[in-house]
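Accompanying notes for the structure given below.
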Amino acid sequence: MRGLTVFFCLFVGCHVAGASEKTIMLFPEPTITDYVILNPTQKVLKQMTVCLRSYSDLTRDYGLLSIATPDKDNAFLIYPMPPNNISISINNEDIYFKVDPEVLDWKSSCVTWDSETGLLQLWINGKRYPGRITRTRSPISPQMFVILGQDQDSFGGKFDVAQSFVGEMCDVNMWDYVLPDSLIMAYLYNDNNVNGNTFKWIEGKYRAKGSILVSKNRFYPK
Ligand SMILES: *[C@@H]1O[C@H](CO)[C@@H](O)[C@H](O)[C@H]1NC(C)=O
């Protein structure tokens with residue numbers, strides 16, 4: 001019962017508590033000039049977790065979050081392929097997950113990876129998809145460009161308009177460890193108190209380029 005109550009509070013209360021300061025980014029149209037550069041703590045990633053929320057009506061492939069290093073343009077990539085496929089790349093290795101068809105609503109996604117075991121996990125909304133094991137076991141090197149809304153085909157650039165994100169994004173957070181399931185579930189249920197340790201959305205260390213509209217708390221969410 002106690003657990004239920006706590007869960008209920010997370011679900012109903014916390015997004016209200018944090019809602020007034022929530023920054024949302026609107027990517028208005030397909031282009032190669034709209035993107036956001038994040039400025040995370042640069043360090044070797046032996047493990048990682050990335051969580052973000054997105055809302056799009058695209059029916060083609062698009063890059064949500066792309067990490068390139070000088071020698072690997074897909075050091076890490078979250079690349080939905082609607083309606084029900086999503087590619088996660090680690091060290092240029094592409095792993096596909098069959099996922100539930102996209103619905104027209106906000107989507108909360110988390111990806112975790114551990115270079116020692118190779119375990120790659122994808123969570124979308126309340127659901128964890130069957131885990132995968134990557135062949136690559138090298139940590140991701142610290143010099144990185146982290147970009148929202150485009151797929152980097154070179155270090156920090158070479159975007160393709162056909163892979164650009166159109167829609168809204170918020171709550172992007174990154175960790176240099178595998179976040180415990182309980183915190184992932186809290187994040188997925190819109191708890192705004194789950195903040196990354198290498199990148200924290202609420203600290204706002206990013207630069208939005210092009211015609212992206214950055215605004216506070218527009219009709220988000222539910
Ligand atoms: C996802 O797309 C890849 C690349 O086109 C393909 O190889 C794979 O079979 C697809 N998976 C599903 C579940 O559609």
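By convention here, the chains of the structure tokens are called A, B, ... in the order presented, each chain's residues are numbered starting at 1, and ligands are numbered starting at 1 in the order presented.
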
Sorted per-residue table, chain A near ligand 1, closest atoms and distance, 8 Å, only C-alpha atoms and all ligand atoms, as a tab-separated table:
```
residue	atom	partner	partner_atom_place_in_ligand_line	distance
A:Met81	CA	ligand 1	2 (O)	7.2
A:Asn84	CA	ligand 1	14 (O)	6.6
A:Asn85	CA	ligand 1	14 (O)	5.1
A:Ile86	CA	ligand 1	1 (C)	6.7
A:Ser87	CA	ligand 1	1 (C)	7.0
A:Tyr96	CA	ligand 1	1 (C)	5.5
A:Phe97	CA	ligand 1	13 (C)	6.1
A:Lys98	CA	ligand 1	13 (C)	4.1
A:Val99	CA	ligand 1	13 (C)	7.4
```

I need the residues from that last selection saved to file as a PDB file, in the first residue's frame (with C-alpha atoms), if you can.
```
ATOM      1  CA  MET A  81      12.519   4.314 -37.407  1.00  0.00           C
ATOM      2  CA  ASN A  84       7.927   0.240 -34.819  1.00  0.00           C
ATOM      3  CA  ASN A  85      11.683   0.003 -35.148  1.00  0.00           C
ATOM      4  CA  ILE A  86      14.403   1.911 -33.338  1.00  0.00           C
ATOM      5  CA  SER A  87      18.132   1.777 -33.870  1.00  0.00           C
ATOM      6  CA  TYR A  96      17.652  -2.667 -33.639  1.00  0.00           C
ATOM      7  CA  PHE A  97      14.763  -2.947 -31.243  1.00  0.00           C
ATOM      8  CA  LYS A  98      11.254  -3.833 -32.298  1.00  0.00           C
ATOM      9  CA  VAL A  99       9.049  -1.444 -30.363  1.00  0.00           C
TER      10      VAL A  99
END
```

- Find the residues near range 136-145 of chain A: any atom within 7 Å, counting only C-alpha atoms, skip ones fewer than 2 places away on the same chain, and give them as a list in words.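 Counting only C-alpha atoms, the residues come to Gln42, Lys43, Val44, Leu45, Lys46, Ile67, Ala68, Thr69, Ala75, Asn91, Ser115, Glu116, Gly118, Thr134, Ile147, Phe155 and Gly156 of chain A.
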
- Would you mind listing what lies within 8 Å of range 25-30 of chain A as a ChimeraX atom specification, with only C-alpha atoms counted and same-chain residues fewer than 3 positions away left out? /A:34-35,149,161-162,164-170,211-215

- With only C-alpha atoms as the basis for distance, which of A:Thr41, A:Asn190, A:Gln47, A:Gln163 is at the shortest distance from Arg60 in chain A? A:Gln163

- Where does DSSP see helix (DSSP H, G or I) in range 16-68 of chain A, if you list the residues as an MDAnalysis selection string? chainID A and resid 16:21

Preceding selection exported with N, CA, C and O atoms as a PDB file, in the first residue's frame:
```
ATOM      1  N   VAL A  16       3.786  18.278 -11.677  1.00  0.00           N
ATOM      2  CA  VAL A  16       3.159  19.559 -11.322  1.00  0.00           C
ATOM      3  C   VAL A  16       4.168  20.432 -10.578  1.00  0.00           C
ATOM      4  O   VAL A  16       4.366  21.588 -10.896  1.00  0.00           O
ATOM      5  N   ALA A  17       4.871  19.784  -9.617  1.00  0.00           N
ATOM      6  CA  ALA A  17       5.840  20.523  -8.808  1.00  0.00           C
ATOM      7  C   ALA A  17       6.889  21.223  -9.667  1.00  0.00           C
ATOM      8  O   ALA A  17       7.215  22.378  -9.454  1.00  0.00           O
ATOM      9  N   GLY A  18       7.421  20.498 -10.669  1.00  0.00           N
ATOM     10  CA  GLY A  18       8.525  21.070 -11.445  1.00  0.00           C
ATOM     11  C   GLY A  18       8.066  21.780 -12.704  1.00  0.00           C
ATOM     12  O   GLY A  18       8.865  22.350 -13.425  1.00  0.00           O
ATOM     13  N   ALA A  19       6.766  21.759 -12.959  1.00  0.00           N
ATOM     14  CA  ALA A  19       6.294  22.134 -14.292  1.00  0.00           C
ATOM     15  C   ALA A  19       6.606  23.582 -14.652  1.00  0.00           C
ATOM     16  O   ALA A  19       6.891  23.878 -15.794  1.00  0.00           O
ATOM     17  N   SER A  20       6.605  24.480 -13.665  1.00  0.00           N
ATOM     18  CA  SER A  20       6.730  25.883 -14.011  1.00  0.00           C
ATOM     19  C   SER A  20       8.092  26.218 -14.615  1.00  0.00           C
ATOM     20  O   SER A  20       8.214  27.186 -15.332  1.00  0.00           O
ATOM     21  N   GLU A  21       9.123  25.416 -14.314  1.00  0.00           N
ATOM     22  CA  GLU A  21      10.442  25.750 -14.866  1.00  0.00           C
ATOM     23  C   GLU A  21      10.835  24.875 -16.051  1.00  0.00           C
ATOM     24  O   GLU A  21      11.954  24.940 -16.520  1.00  0.00           O
TER      25      GLU A  21
END
```

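Atom pair CA of Ser154 in chain A / CA of Thr117 in chain A: separated by 27.8 Å.
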
- Task: If you run DSSP over the backbone, which residues in range 16-215 of chain A end up strand (DSSP E or B)? Put them as a ChimeraX atom specification.
- Result: /A:23-27,35-38,45,47-55,65-69,72-81,85-90,93-98,107-114,119-124,127-128,132-133,140,145-148,154,157,167-175,199,206-209,213-215

- Query: Using only C-alpha atoms, which of the listed residues (A:Leu38, A:Leu65, A:Leu119, A:Val111) sits closest to Arg207 in chain A?
  - Reply: A:Leu38
